[in-house]
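Structure file data05.cif (mmCIF, C-alpha atoms and all ligand atoms) is printed below.
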data_final
loop_
_atom_site.group_PDB
_atom_site.id
_atom_site.type_symbol
_atom_site.label_atom_id
_atom_site.label_comp_id
_atom_site.auth_asym_id
_atom_site.auth_seq_id
_atom_site.Cartn_x
_atom_site.Cartn_y
_atom_site.Cartn_z
ATOM 1 C CA MET A 1 18.038 2.878 18.924
ATOM 2 C CA THR A 2 17.712 -0.145 16.674
ATOM 3 C CA VAL A 3 14.182 -0.948 15.578
ATOM 4 C CA ALA A 4 13.425 -4.672 15.360
ATOM 5 C CA VAL A 5 10.884 -5.719 12.751
ATOM 6 C CA GLY A 6 9.026 -8.934 12.072
ATOM 7 C CA VAL A 7 8.302 -9.442 8.376
ATOM 8 C CA THR A 8 5.258 -11.343 7.120
ATOM 9 C CA GLY A 9 4.918 -12.667 3.579
ATOM 10 C CA ALA A 10 8.701 -12.797 3.599
ATOM 11 C CA THR A 11 9.128 -14.932 0.493
ATOM 12 C CA GLY A 12 6.724 -12.814 -1.576
ATOM 13 C CA ARG A 13 7.727 -10.160 -4.110
ATOM 14 C CA MET A 14 7.509 -7.420 -1.488
ATOM 15 C CA GLY A 15 8.447 -9.406 1.606
ATOM 16 C CA ARG A 16 11.872 -10.184 0.150
ATOM 17 C CA GLU A 17 12.469 -6.520 -0.557
ATOM 18 C CA VAL A 18 11.427 -5.536 2.969
ATOM 19 C CA VAL A 19 13.867 -7.996 4.523
ATOM 20 C CA ALA A 20 16.627 -6.619 2.274
ATOM 21 C CA ALA A 21 15.729 -2.964 2.988
ATOM 22 C CA ALA A 22 15.619 -3.534 6.754
ATOM 23 C CA ARG A 23 18.969 -5.318 6.706
ATOM 24 C CA GLU A 24 20.568 -2.464 4.785
ATOM 25 C CA ARG A 25 19.815 0.048 7.531
ATOM 26 C CA ALA A 26 21.998 0.546 10.594
ATOM 27 C CA ASP A 27 18.969 1.526 12.706
ATOM 28 C CA CYS A 28 16.889 -1.547 11.869
ATOM 29 C CA GLU A 29 17.141 -5.306 12.226
ATOM 30 C CA VAL A 30 14.973 -8.213 11.184
ATOM 31 C CA ALA A 31 13.744 -9.968 14.336
ATOM 32 C CA PHE A 32 12.019 -12.734 12.380
ATOM 33 C CA ALA A 33 10.439 -13.459 9.022
ATOM 34 C CA VAL A 34 7.426 -15.657 8.304
ATOM 35 C CA ASN A 35 5.567 -16.973 5.302
ATOM 36 C CA ARG A 36 2.618 -19.262 4.857
ATOM 37 C CA GLU A 37 4.628 -22.210 3.512
ATOM 38 C CA PRO A 38 8.309 -21.312 3.840
ATOM 39 C CA ASP A 39 9.733 -24.803 3.103
ATOM 40 C CA GLY A 40 12.677 -24.152 5.386
ATOM 41 C CA GLY A 41 14.365 -21.539 3.207
ATOM 42 C CA THR A 42 15.998 -18.201 3.870
ATOM 43 C CA VAL A 43 15.581 -14.687 2.464
ATOM 44 C CA GLU A 44 18.677 -12.476 2.475
ATOM 45 C CA GLY A 45 20.211 -14.887 4.975
ATOM 46 C CA VAL A 46 17.217 -14.672 7.351
ATOM 47 C CA ALA A 47 15.447 -17.961 8.137
ATOM 48 C CA VAL A 48 11.794 -17.899 7.105
ATOM 49 C CA GLU A 49 9.520 -19.472 9.717
ATOM 50 C CA PRO A 50 6.024 -20.897 9.188
ATOM 51 C CA ALA A 51 3.198 -18.372 9.661
ATOM 52 C CA ALA A 52 1.703 -20.680 12.288
ATOM 53 C CA GLU A 53 4.620 -19.708 14.544
ATOM 54 C CA PHE A 54 3.791 -15.999 14.334
ATOM 55 C CA ASP A 55 2.293 -15.610 17.835
ATOM 56 C CA ALA A 56 5.173 -17.489 19.425
ATOM 57 C CA LEU A 57 7.725 -15.424 17.477
ATOM 58 C CA LEU A 58 6.074 -12.199 18.650
ATOM 59 C CA GLY A 59 6.408 -13.352 22.248
ATOM 60 C CA GLU A 60 9.954 -14.596 21.834
ATOM 61 C CA HIS A 61 11.424 -11.615 19.924
ATOM 62 C CA GLU A 62 9.132 -8.751 21.010
ATOM 63 C CA PRO A 63 9.709 -6.750 17.790
ATOM 64 C CA ASP A 64 8.967 -3.023 17.731
ATOM 65 C CA ALA A 65 6.940 -3.384 14.549
ATOM 66 C CA VAL A 66 5.589 -5.959 12.126
ATOM 67 C CA VAL A 67 5.794 -5.111 8.419
ATOM 68 C CA ASP A 68 3.170 -6.908 6.377
ATOM 69 C CA PHE A 69 2.782 -7.404 2.634
ATOM 70 C CA THR A 70 0.557 -10.475 2.271
ATOM 71 C CA GLY A 71 -3.160 -10.445 1.436
ATOM 72 C CA PRO A 72 -6.201 -8.788 3.043
ATOM 73 C CA ASP A 73 -7.330 -11.764 5.164
ATOM 74 C CA SER A 74 -3.880 -12.607 6.465
ATOM 75 C CA ALA A 75 -3.035 -8.945 7.105
ATOM 76 C CA LEU A 76 -6.090 -8.705 9.361
ATOM 77 C CA GLU A 77 -5.087 -11.901 11.167
ATOM 78 C CA TYR A 78 -1.609 -10.481 11.813
ATOM 79 C CA ALA A 79 -3.058 -7.168 12.990
ATOM 80 C CA HIS A 80 -5.278 -9.039 15.460
ATOM 81 C CA ALA A 81 -2.315 -11.102 16.654
ATOM 82 C CA CYS A 82 -0.403 -7.863 17.350
ATOM 83 C CA VAL A 83 -3.382 -6.541 19.307
ATOM 84 C CA GLU A 84 -3.451 -9.753 21.371
ATOM 85 C CA ALA A 85 0.313 -9.870 21.950
ATOM 86 C CA ASP A 86 1.640 -9.124 25.420
ATOM 87 C CA ALA A 87 4.465 -7.006 23.992
ATOM 88 C CA GLU A 88 3.855 -3.547 22.501
ATOM 89 C CA VAL A 89 4.149 -3.950 18.761
ATOM 90 C CA ALA A 90 3.206 -1.601 15.929
ATOM 91 C CA PHE A 91 1.675 -2.906 12.709
ATOM 92 C CA VAL A 92 2.679 -1.497 9.318
ATOM 93 C CA THR A 93 0.884 -2.904 6.311
ATOM 94 C CA GLY A 94 1.159 -2.183 2.605
ATOM 95 C CA THR A 95 -1.311 -4.908 1.715
ATOM 96 C CA THR A 96 -4.125 -3.792 -0.613
ATOM 97 C CA GLY A 97 -7.505 -5.213 -1.561
ATOM 98 C CA PHE A 98 -9.246 -4.509 1.771
ATOM 99 C CA ASP A 99 -13.020 -4.008 1.603
ATOM 100 C CA ASP A 100 -14.887 -1.520 3.812
ATOM 101 C CA ALA A 101 -15.412 -4.079 6.589
ATOM 102 C CA ALA A 102 -11.705 -4.894 6.619
ATOM 103 C CA PHE A 103 -10.801 -1.203 6.813
ATOM 104 C CA ALA A 104 -13.176 -0.868 9.774
ATOM 105 C CA ASP A 105 -11.448 -3.851 11.368
ATOM 106 C CA LEU A 106 -8.028 -2.225 10.917
ATOM 107 C CA GLU A 107 -9.415 0.981 12.392
ATOM 108 C CA ALA A 108 -10.621 -0.945 15.440
ATOM 109 C CA ALA A 109 -7.200 -2.580 15.843
ATOM 110 C CA SER A 110 -5.595 0.862 15.840
ATOM 111 C CA GLU A 111 -7.385 1.642 19.097
ATOM 112 C CA SER A 112 -5.023 -0.846 20.750
ATOM 113 C CA ILE A 113 -1.803 -0.606 18.739
ATOM 114 C CA PRO A 114 0.005 1.925 16.530
ATOM 115 C CA LEU A 115 -1.109 0.982 13.010
ATOM 116 C CA LEU A 116 -0.114 2.393 9.630
ATOM 117 C CA HIS A 117 -1.606 1.305 6.334
ATOM 118 C CA ALA A 118 -0.464 2.784 3.039
ATOM 119 C CA PRO A 119 -1.543 1.449 -0.355
ATOM 120 C CA ASN A 120 1.716 2.770 -1.743
ATOM 121 C CA PHE A 121 4.965 3.375 0.136
ATOM 122 C CA ALA A 122 6.678 5.251 -2.687
ATOM 123 C CA ARG A 123 7.239 8.864 -1.656
ATOM 124 C CA GLY A 124 6.525 9.964 -5.209
ATOM 125 C CA VAL A 125 3.003 8.579 -4.980
ATOM 126 C CA GLN A 126 2.265 10.745 -1.961
ATOM 127 C CA ALA A 127 3.411 13.705 -4.065
ATOM 128 C CA LEU A 128 1.205 12.499 -6.936
ATOM 129 C CA VAL A 129 -1.832 12.376 -4.623
ATOM 130 C CA ASN A 130 -1.201 15.972 -3.575
ATOM 131 C CA VAL A 131 -0.656 17.205 -7.132
ATOM 132 C CA VAL A 132 -3.739 15.397 -8.446
ATOM 133 C CA GLY A 133 -5.944 17.102 -5.843
ATOM 134 C CA GLN A 134 -4.565 20.466 -6.882
ATOM 135 C CA ALA A 135 -5.023 19.742 -10.602
ATOM 136 C CA VAL A 136 -8.647 18.660 -10.134
ATOM 137 C CA ARG A 137 -9.386 21.858 -8.202
ATOM 138 C CA ASN A 138 -7.747 23.961 -10.926
ATOM 139 C CA LEU A 139 -9.519 22.216 -13.815
ATOM 140 C CA PRO A 140 -13.247 21.942 -13.005
ATOM 141 C CA GLY A 141 -15.254 20.282 -15.745
ATOM 142 C CA TYR A 142 -12.248 18.545 -17.311
ATOM 143 C CA ASP A 143 -12.632 14.846 -18.109
ATOM 144 C CA VAL A 144 -10.668 12.694 -15.661
ATOM 145 C CA GLU A 145 -9.418 9.192 -16.456
ATOM 146 C CA LEU A 146 -7.196 7.009 -14.295
ATOM 147 C CA VAL A 147 -5.039 4.230 -15.743
ATOM 148 C CA GLU A 148 -2.973 1.860 -13.606
ATOM 149 C CA THR A 149 -0.662 -0.860 -14.899
ATOM 150 C CA HIS A 150 0.778 -3.752 -12.882
ATOM 151 C CA HIS A 151 2.409 -7.144 -13.335
ATOM 152 C CA ASN A 152 0.269 -10.107 -14.263
ATOM 153 C CA GLY A 153 0.493 -11.631 -10.755
ATOM 154 C CA LYS A 154 -1.384 -8.823 -9.027
ATOM 155 C CA ARG A 155 -4.658 -9.987 -7.502
ATOM 156 C CA ASP A 156 -6.659 -6.846 -6.717
ATOM 157 C CA ALA A 157 -8.041 -4.370 -9.244
ATOM 158 C CA PRO A 158 -8.134 -1.481 -9.266
ATOM 159 C CA SER A 159 -4.951 -1.117 -7.250
ATOM 160 C CA GLY A 160 -5.003 0.269 -3.718
ATOM 161 C CA THR A 161 -3.178 3.327 -5.011
ATOM 162 C CA ALA A 162 -5.818 3.857 -7.702
ATOM 163 C CA ASN A 163 -8.520 3.753 -5.040
ATOM 164 C CA ARG A 164 -6.606 6.318 -2.986
ATOM 165 C CA LEU A 165 -6.235 8.572 -6.050
ATOM 166 C CA LEU A 166 -9.949 8.216 -6.803
ATOM 167 C CA GLU A 167 -10.801 9.360 -3.280
ATOM 168 C CA GLU A 168 -8.584 12.400 -3.793
ATOM 169 C CA ILE A 169 -10.131 13.180 -7.186
ATOM 170 C CA GLU A 170 -13.672 12.895 -5.815
ATOM 171 C CA ALA A 171 -12.844 14.992 -2.757
ATOM 172 C CA ASN A 172 -11.646 17.851 -4.939
ATOM 173 C CA GLY A 173 -14.287 18.064 -7.672
ATOM 174 C CA ASP A 174 -17.849 17.358 -8.651
ATOM 175 C CA PHE A 175 -18.099 13.972 -10.364
ATOM 176 C CA ALA A 176 -20.906 11.686 -11.519
ATOM 177 C CA GLY A 177 -19.356 8.366 -10.474
ATOM 178 C CA ARG A 178 -16.738 5.876 -11.626
ATOM 179 C CA ASN A 179 -16.818 3.937 -14.886
ATOM 180 C CA HIS A 180 -14.591 0.873 -14.611
ATOM 181 C CA GLY A 181 -13.278 -0.538 -17.901
ATOM 182 C CA ARG A 182 -15.624 1.370 -20.208
ATOM 183 C CA GLU A 183 -17.419 -0.628 -22.897
ATOM 184 C CA GLY A 184 -20.555 -0.377 -25.013
ATOM 185 C CA GLU A 185 -21.812 2.169 -27.503
ATOM 186 C CA GLU A 186 -22.580 5.257 -25.449
ATOM 187 C CA PRO A 187 -20.263 8.270 -25.410
ATOM 188 C CA ARG A 188 -18.529 9.235 -22.223
ATOM 189 C CA GLU A 189 -21.017 10.371 -19.577
ATOM 190 C CA GLU A 190 -20.389 13.927 -18.416
ATOM 191 C CA GLY A 191 -18.600 13.992 -15.083
ATOM 192 C CA GLU A 192 -17.739 10.303 -14.914
ATOM 193 C CA ILE A 193 -14.255 9.171 -13.906
ATOM 194 C CA GLY A 194 -12.903 6.421 -16.149
ATOM 195 C CA VAL A 195 -10.882 3.765 -14.323
ATOM 196 C CA HIS A 196 -8.713 1.273 -16.186
ATOM 197 C CA ALA A 197 -6.599 -1.542 -14.714
ATOM 198 C CA LEU A 198 -3.981 -3.098 -17.015
ATOM 199 C CA ARG A 199 -2.242 -6.353 -15.997
ATOM 200 C CA ALA A 200 0.735 -7.235 -18.142
ATOM 201 C CA GLY A 201 4.187 -8.760 -17.860
ATOM 202 C CA ASP A 202 6.315 -7.753 -14.903
ATOM 203 C CA VAL A 203 5.401 -4.062 -14.628
ATOM 204 C CA THR A 204 6.274 -2.948 -11.088
ATOM 205 C CA GLY A 205 3.537 -0.323 -10.882
ATOM 206 C CA GLU A 206 2.393 2.694 -12.849
ATOM 207 C CA HIS A 207 -0.416 5.168 -12.152
ATOM 208 C CA GLU A 208 -1.502 7.898 -14.540
ATOM 209 C CA VAL A 209 -4.249 10.480 -14.105
ATOM 210 C CA VAL A 210 -5.369 12.201 -17.305
ATOM 211 C CA LEU A 211 -7.258 15.501 -17.112
ATOM 212 C CA ALA A 212 -8.487 16.645 -20.498
ATOM 213 C CA GLY A 213 -10.386 19.714 -21.611
ATOM 214 C CA ASN A 214 -10.870 21.171 -25.047
ATOM 215 C CA ASP A 215 -7.526 21.626 -26.805
ATOM 216 C CA GLU A 216 -5.398 20.654 -23.829
ATOM 217 C CA GLU A 217 -4.634 17.765 -21.504
ATOM 218 C CA VAL A 218 -2.581 17.164 -18.395
ATOM 219 C CA ARG A 219 -1.060 13.739 -17.657
ATOM 220 C CA LEU A 220 0.269 13.094 -14.175
ATOM 221 C CA THR A 221 2.222 9.860 -13.941
ATOM 222 C CA HIS A 222 4.081 7.924 -11.280
ATOM 223 C CA ARG A 223 6.160 4.963 -12.359
ATOM 224 C CA ALA A 224 7.911 2.692 -9.879
ATOM 225 C CA GLU A 225 11.046 1.209 -11.444
ATOM 226 C CA ASP A 226 11.861 -1.184 -8.623
ATOM 227 C CA ARG A 227 10.003 -2.641 -5.595
ATOM 228 C CA GLY A 228 12.880 -1.451 -3.448
ATOM 229 C CA VAL A 229 11.232 1.979 -3.427
ATOM 230 C CA PHE A 230 8.123 0.560 -1.715
ATOM 231 C CA ALA A 231 10.199 -1.487 0.729
ATOM 232 C CA ALA A 232 12.340 1.502 1.705
ATOM 233 C CA GLY A 233 9.198 3.509 2.454
ATOM 234 C CA ALA A 234 7.692 0.693 4.509
ATOM 235 C CA VAL A 235 10.864 0.354 6.579
ATOM 236 C CA ASP A 236 10.944 4.154 7.030
ATOM 237 C CA ALA A 237 7.389 3.826 8.352
ATOM 238 C CA ALA A 238 8.350 0.984 10.728
ATOM 239 C CA VAL A 239 11.249 2.978 12.162
ATOM 240 C CA TRP A 240 9.025 6.051 12.473
ATOM 241 C CA ILE A 241 6.093 4.308 14.165
ATOM 242 C CA ALA A 242 8.092 2.249 16.687
ATOM 243 C CA GLY A 243 7.277 3.329 20.221
ATOM 244 C CA ARG A 244 4.393 5.648 19.278
ATOM 245 C CA LYS A 245 1.071 5.541 21.046
ATOM 246 C CA ALA A 246 -1.833 3.479 19.706
ATOM 247 C CA GLY A 247 -3.646 5.084 16.787
ATOM 248 C CA ARG A 248 -4.124 5.104 13.048
ATOM 249 C CA TYR A 249 -1.241 6.656 11.132
ATOM 250 C CA ASP A 250 -0.674 7.458 7.480
ATOM 251 C CA PHE A 251 2.466 7.408 5.320
ATOM 252 C CA ALA A 252 1.965 11.171 4.893
ATOM 253 C CA ASP A 253 2.675 11.480 8.650
ATOM 254 C CA VAL A 254 6.055 9.804 8.066
ATOM 255 C CA ILE A 255 6.930 11.966 5.073
ATOM 256 C CA ASP A 256 5.726 15.236 6.562
ATOM 257 C CA GLU A 257 7.725 14.932 9.767
HETATM 258 N N1 LIG A 301 1.829 -0.491 -0.284
HETATM 259 C C1 LIG A 301 2.758 -0.702 -1.232
HETATM 260 O O1 LIG A 301 3.667 0.123 -1.445
HETATM 261 C C2 LIG A 301 2.702 -1.986 -2.018
HETATM 262 C C3 LIG A 301 1.700 -2.878 -1.764
HETATM 263 N N2 LIG A 301 1.696 -4.101 -2.382
HETATM 264 C C4 LIG A 301 0.676 -5.030 -1.929
HETATM 265 O O2 LIG A 301 1.315 -5.993 -1.082
HETATM 266 C C5 LIG A 301 0.616 -7.236 -1.161
HETATM 267 C C6 LIG A 301 1.612 -8.341 -1.506
HETATM 268 O O3 LIG A 301 2.125 -8.107 -2.790
HETATM 269 P P1 LIG A 301 3.243 -9.060 -3.426
HETATM 270 O O4 LIG A 301 4.415 -9.101 -2.541
HETATM 271 O O5 LIG A 301 3.413 -8.643 -4.834
HETATM 272 O O6 LIG A 301 2.469 -10.450 -3.399
HETATM 273 P P2 LIG A 301 3.110 -11.915 -3.368
HETATM 274 O O7 LIG A 301 1.988 -12.845 -3.694
HETATM 275 O O8 LIG A 301 4.359 -11.973 -4.128
HETATM 276 O O9 LIG A 301 3.499 -12.071 -1.838
HETATM 277 C C7 LIG A 301 2.587 -12.269 -0.827
HETATM 278 C C8 LIG A 301 3.248 -13.202 0.128
HETATM 279 O O10 LIG A 301 2.445 -13.324 1.281
HETATM 280 C C9 LIG A 301 2.372 -14.697 1.572
HETATM 281 N N3 LIG A 301 1.207 -14.979 2.378
HETATM 282 C C10 LIG A 301 -0.073 -15.025 1.992
HETATM 283 N N4 LIG A 301 -0.825 -15.321 3.062
HETATM 284 C C11 LIG A 301 0.047 -15.464 4.112
HETATM 285 C C12 LIG A 301 -0.101 -15.789 5.466
HETATM 286 N N5 LIG A 301 -1.302 -16.037 5.990
HETATM 287 N N6 LIG A 301 0.996 -15.813 6.255
HETATM 288 C C13 LIG A 301 2.191 -15.559 5.755
HETATM 289 N N7 LIG A 301 2.417 -15.292 4.473
HETATM 290 C C14 LIG A 301 1.331 -15.244 3.674
HETATM 291 C C15 LIG A 301 2.340 -15.384 0.248
HETATM 292 O O11 LIG A 301 2.649 -16.741 0.412
HETATM 293 P P3 LIG A 301 2.227 -17.823 -0.708
HETATM 294 O O12 LIG A 301 3.272 -17.650 -1.754
HETATM 295 O O13 LIG A 301 2.274 -19.099 0.031
HETATM 296 O O14 LIG A 301 0.861 -17.448 -1.169
HETATM 297 C C16 LIG A 301 3.429 -14.602 -0.465
HETATM 298 O O15 LIG A 301 4.710 -15.083 -0.148
HETATM 299 C C17 LIG A 301 -0.481 -7.030 -2.204
HETATM 300 O O16 LIG A 301 -1.677 -6.704 -1.523
HETATM 301 C C18 LIG A 301 0.005 -5.830 -3.015
HETATM 302 O O17 LIG A 301 -1.008 -5.114 -3.622
HETATM 303 C C19 LIG A 301 2.653 -4.445 -3.262
HETATM 304 C C20 LIG A 301 3.657 -3.582 -3.587
HETATM 305 C C21 LIG A 301 3.758 -2.270 -2.980
HETATM 306 O O1 LIG A 302 0.658 -5.276 -6.164
HETATM 307 C C1 LIG A 302 1.554 -4.463 -6.470
HETATM 308 O O2 LIG A 302 2.573 -4.811 -7.082
HETATM 309 C C2 LIG A 302 1.393 -3.072 -6.046
HETATM 310 N N1 LIG A 302 0.375 -2.767 -5.309
HETATM 311 C C3 LIG A 302 0.093 -1.514 -4.724
HETATM 312 C C4 LIG A 302 -1.304 -1.068 -5.078
HETATM 313 O O3 LIG A 302 -2.218 -1.897 -5.145
HETATM 314 O O4 LIG A 302 -1.504 0.132 -5.244
HETATM 315 C C5 LIG A 302 1.167 -0.496 -4.919
HETATM 316 C C6 LIG A 302 2.053 -0.662 -6.103
HETATM 317 O O5 LIG A 302 1.516 0.001 -7.201
HETATM 318 C C7 LIG A 302 2.424 -2.082 -6.411
#
How would this structure read if it were set down as structure tokens?
Amino acid sequence: MTVAVGVTGATGRMGREVVAAARERADCEVAFAVNREPDGGTVEGVAVEPAAEFDALLGEHEPDAVVDFTGPDSALEYAHACVEADAEVAFVTGTTGFDDAAFADLEAASESIPLLHAPNFARGVQALVNVVGQAVRNLPGYDVELVETHHNGKRDAPSGTANRLLEEIEANGDFAGRNHGREGEEPREEGEIGVHALRAGDVTGEHEVVLAGNDEEVRLTHRAEDRGVFAAGAVDAAVWIAGRKAGRYDFADVIDE
């Protein structure tokens, strides 16, 4: 079976990679690609249509899944459009920067359509999440600091991946809260988790969790070398989710199967 995907944000850093990754696979095809202001161009030979045409394109092409890397507001709009569409279409989004209300909105959409959100589609990050949980359990009382580094065009901070890692850290230990971008003249508060977001140059994405006790430290790092790794994971997710029943899915479901 060939899975047909619609790609939103197609001229963005990630959208381009998704179009390329989908076109590389024999079991996937790009049904359509949209961007907010496409100015009539193409990505990887695929015409990029205006976002205003999205509903019509859904009806015309009836894709199995939409893959979205845009921004929080537009991702929610696309999710709602998939819910409203006559055709059965899954929604896969890697967009980050959602607040609690937006997450609740995505959750509600997943009652009507298959929906998968992952703040990071690199398989290595899923492994990092697992390993970090284990390390925190094994090292109670150690100081934990999280440092993430991204390109200077990234809007949200901390990254979606950092937020996911923080949830995992907090779920596996006893902590006193998060300290974002420490400053001032007080020493480190016992049990706090330091969180640091660096924005510099064209760094694709790096996440490091430091666990330090007396006379020893553990550093767990994931470094993405190329956005292709995220795009490949997102297309894996689109192929995996196509045809499934409505519900909220996770990238771990894709990897674990
Ligand atoms: N889960 C993961 O593995 C990863 C997630 N991300 C996340 O993906 C998102 C996008 O990142 P990135 O590609 O770097 O960002 P870019 O700004 O490069 O791309 C976003 C694209 O979406 C377009 N866009 C914005 N609003 C709309 C809309 N309403 N309709 C159609 N297109 C729209 C933008 O158009 P315009 O240029 O006109 O603004 C732009 O082309 C971010 O939230 C980022 O954090 C990024 C990498 C990996
Ligand atoms: O904006 C990016 O570039 C990235 N965003 C994701 C995030 O917020 O975690 C994932 C990746 O690190 C790249």
Output as lines of an AutoDock Vina configuration file the centre and edge lengths (Å, one decimal) of the box along x, y and z of the file that holds every listed atom of ligand LIG 301 (chain A) after adding 4 Å on each side.
center_x = 1.5
center_y = -9.5
center_z = 0.7
size_x = 14.4
size_y = 27.2
size_z = 19.1
**Request:** Could you list the residues chosen by the PyMOL selection byres (((not hetatm)) within 9 of (chain A and resi 301)) in this structure as an NGL selection string?
**Result:** :A and (8-17 or 34-38 or 50-52 or 54 or 68-75 or 77-78 or 93-98 or 117-122 or 151 or 153-156 or 159-161 or 204-205 or 227 or 229-231 or 233-234)
**Prompt:** If the PyMOL selection byres (((chain A and resi 61-63) around 12) and not hetatm) is run on the structure shown, which residues does it catch, given as JSON, numbers by chain?
**Reply:** {"A": [2, 3, 4, 5, 6, 7, 28, 29, 30, 31, 32, 33, 53, 54, 55, 56, 57, 58, 59, 60, 64, 65, 66, 67, 82, 85, 86, 87, 88, 89, 90, 91, 238, 239, 242, 243]}
On this structure, the PyMOL selection byres (((chain A and resi 175) around 12) and not hetatm) would catch which residues? List them as a PDB file with C-alpha atoms, in the coordinates of the input, sorted by chain and number.
ATOM      1  CA  VAL A 136      -8.647  18.660 -10.134  1.00  0.00           C
ATOM      2  CA  ARG A 137      -9.386  21.858  -8.202  1.00  0.00           C
ATOM      3  CA  PRO A 140     -13.247  21.942 -13.005  1.00  0.00           C
ATOM      4  CA  GLY A 141     -15.254  20.282 -15.745  1.00  0.00           C
ATOM      5  CA  TYR A 142     -12.248  18.545 -17.311  1.00  0.00           C
ATOM      6  CA  ASP A 143     -12.632  14.846 -18.109  1.00  0.00           C
ATOM      7  CA  VAL A 144     -10.668  12.694 -15.661  1.00  0.00           C
ATOM      8  CA  GLU A 145      -9.418   9.192 -16.456  1.00  0.00           C
ATOM      9  CA  LEU A 166      -9.949   8.216  -6.803  1.00  0.00           C
ATOM     10  CA  GLU A 167     -10.801   9.360  -3.280  1.00  0.00           C
ATOM     11  CA  GLU A 168      -8.584  12.400  -3.793  1.00  0.00           C
ATOM     12  CA  ILE A 169     -10.131  13.180  -7.186  1.00  0.00           C
ATOM     13  CA  GLU A 170     -13.672  12.895  -5.815  1.00  0.00           C
ATOM     14  CA  ALA A 171     -12.844  14.992  -2.757  1.00  0.00           C
ATOM     15  CA  ASN A 172     -11.646  17.851  -4.939  1.00  0.00           C
ATOM     16  CA  GLY A 173     -14.287  18.064  -7.672  1.00  0.00           C
ATOM     17  CA  ASP A 174     -17.849  17.358  -8.651  1.00  0.00           C
ATOM     18  CA  ALA A 176     -20.906  11.686 -11.519  1.00  0.00           C
ATOM     19  CA  GLY A 177     -19.356   8.366 -10.474  1.00  0.00           C
ATOM     20  CA  ARG A 178     -16.738   5.876 -11.626  1.00  0.00           C
ATOM     21  CA  ASN A 179     -16.818   3.937 -14.886  1.00  0.00           C
ATOM     22  CA  GLU A 189     -21.017  10.371 -19.577  1.00  0.00           C
ATOM     23  CA  GLU A 190     -20.389  13.927 -18.416  1.00  0.00           C
ATOM     24  CA  GLY A 191     -18.600  13.992 -15.083  1.00  0.00           C
ATOM     25  CA  GLU A 192     -17.739  10.303 -14.914  1.00  0.00           C
ATOM     26  CA  ILE A 193     -14.255   9.171 -13.906  1.00  0.00           C
ATOM     27  CA  GLY A 194     -12.903   6.421 -16.149  1.00  0.00           C
TER      28      GLY A 194
END
**Request:** Find the residue from A:Gly124, A:Gly40, A:Pro158, A:Pro114 that sits nearest to Leu220 in chain A; use only C-alpha atoms when measuring.
**Result:** A:Gly124
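Taking CA of Arg199 in chain A as the reference point, CA of Ala224 in chain A is found at 14.9 Å.
Checking A:Gln126, A:Asn138, A:Asn163, A:Ser112 one by one against ligand LIG 302 (chain A), counting all atoms listed in the file, you find the shortest gap at A:Asn163.
Candidate residues A:Ala157, A:Ala47, A:Ala26, A:Val254 were compared for distance to ligand LIG 302 (chain A), and the nearest is A:Ala157, using all atoms listed in the file.
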Restore N, CA and C atoms in range 243-254 of chain A and list the result as a CSV table (one decimal), in the coordinates of the input.
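Result went into result-v4.csv, see below:
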chain,number,residue,atom,x,y,z
A,243,GLY,N,7.3,2.6,18.9
A,243,GLY,CA,7.3,3.3,20.2
A,243,GLY,C,6.2,4.4,20.3
A,244,ARG,N,5.5,4.6,19.2
A,244,ARG,CA,4.4,5.6,19.3
A,244,ARG,C,3.2,5.1,20.0
A,245,LYS,N,2.3,6.0,20.3
A,245,LYS,CA,1.1,5.5,21.0
A,245,LYS,C,0.1,4.9,20.0
A,246,ALA,N,-0.8,4.1,20.6
A,246,ALA,CA,-1.8,3.5,19.7
A,246,ALA,C,-2.6,4.5,18.9
A,247,GLY,N,-2.9,4.2,17.6
A,247,GLY,CA,-3.6,5.1,16.8
A,247,GLY,C,-3.4,4.7,15.3
A,248,ARG,N,-4.2,5.4,14.5
A,248,ARG,CA,-4.1,5.1,13.0
A,248,ARG,C,-3.2,6.2,12.4
A,249,TYR,N,-2.2,5.7,11.8
A,249,TYR,CA,-1.2,6.7,11.1
A,249,TYR,C,-1.2,6.4,9.6
A,250,ASP,N,-0.7,7.5,8.9
A,250,ASP,CA,-0.7,7.5,7.5
A,250,ASP,C,0.8,7.7,7.0
A,251,PHE,N,1.1,7.2,5.8
A,251,PHE,CA,2.5,7.4,5.3
A,251,PHE,C,2.8,8.9,5.2
A,252,ALA,N,1.7,9.7,5.0
A,252,ALA,CA,2.0,11.2,4.9
A,252,ALA,C,2.5,11.7,6.2
A,253,ASP,N,2.1,11.1,7.3
A,253,ASP,CA,2.7,11.5,8.6
A,253,ASP,C,4.2,11.2,8.7
A,254,VAL,N,4.6,10.2,8.1
A,254,VAL,CA,6.1,9.8,8.1
A,254,VAL,C,6.8,10.8,7.2
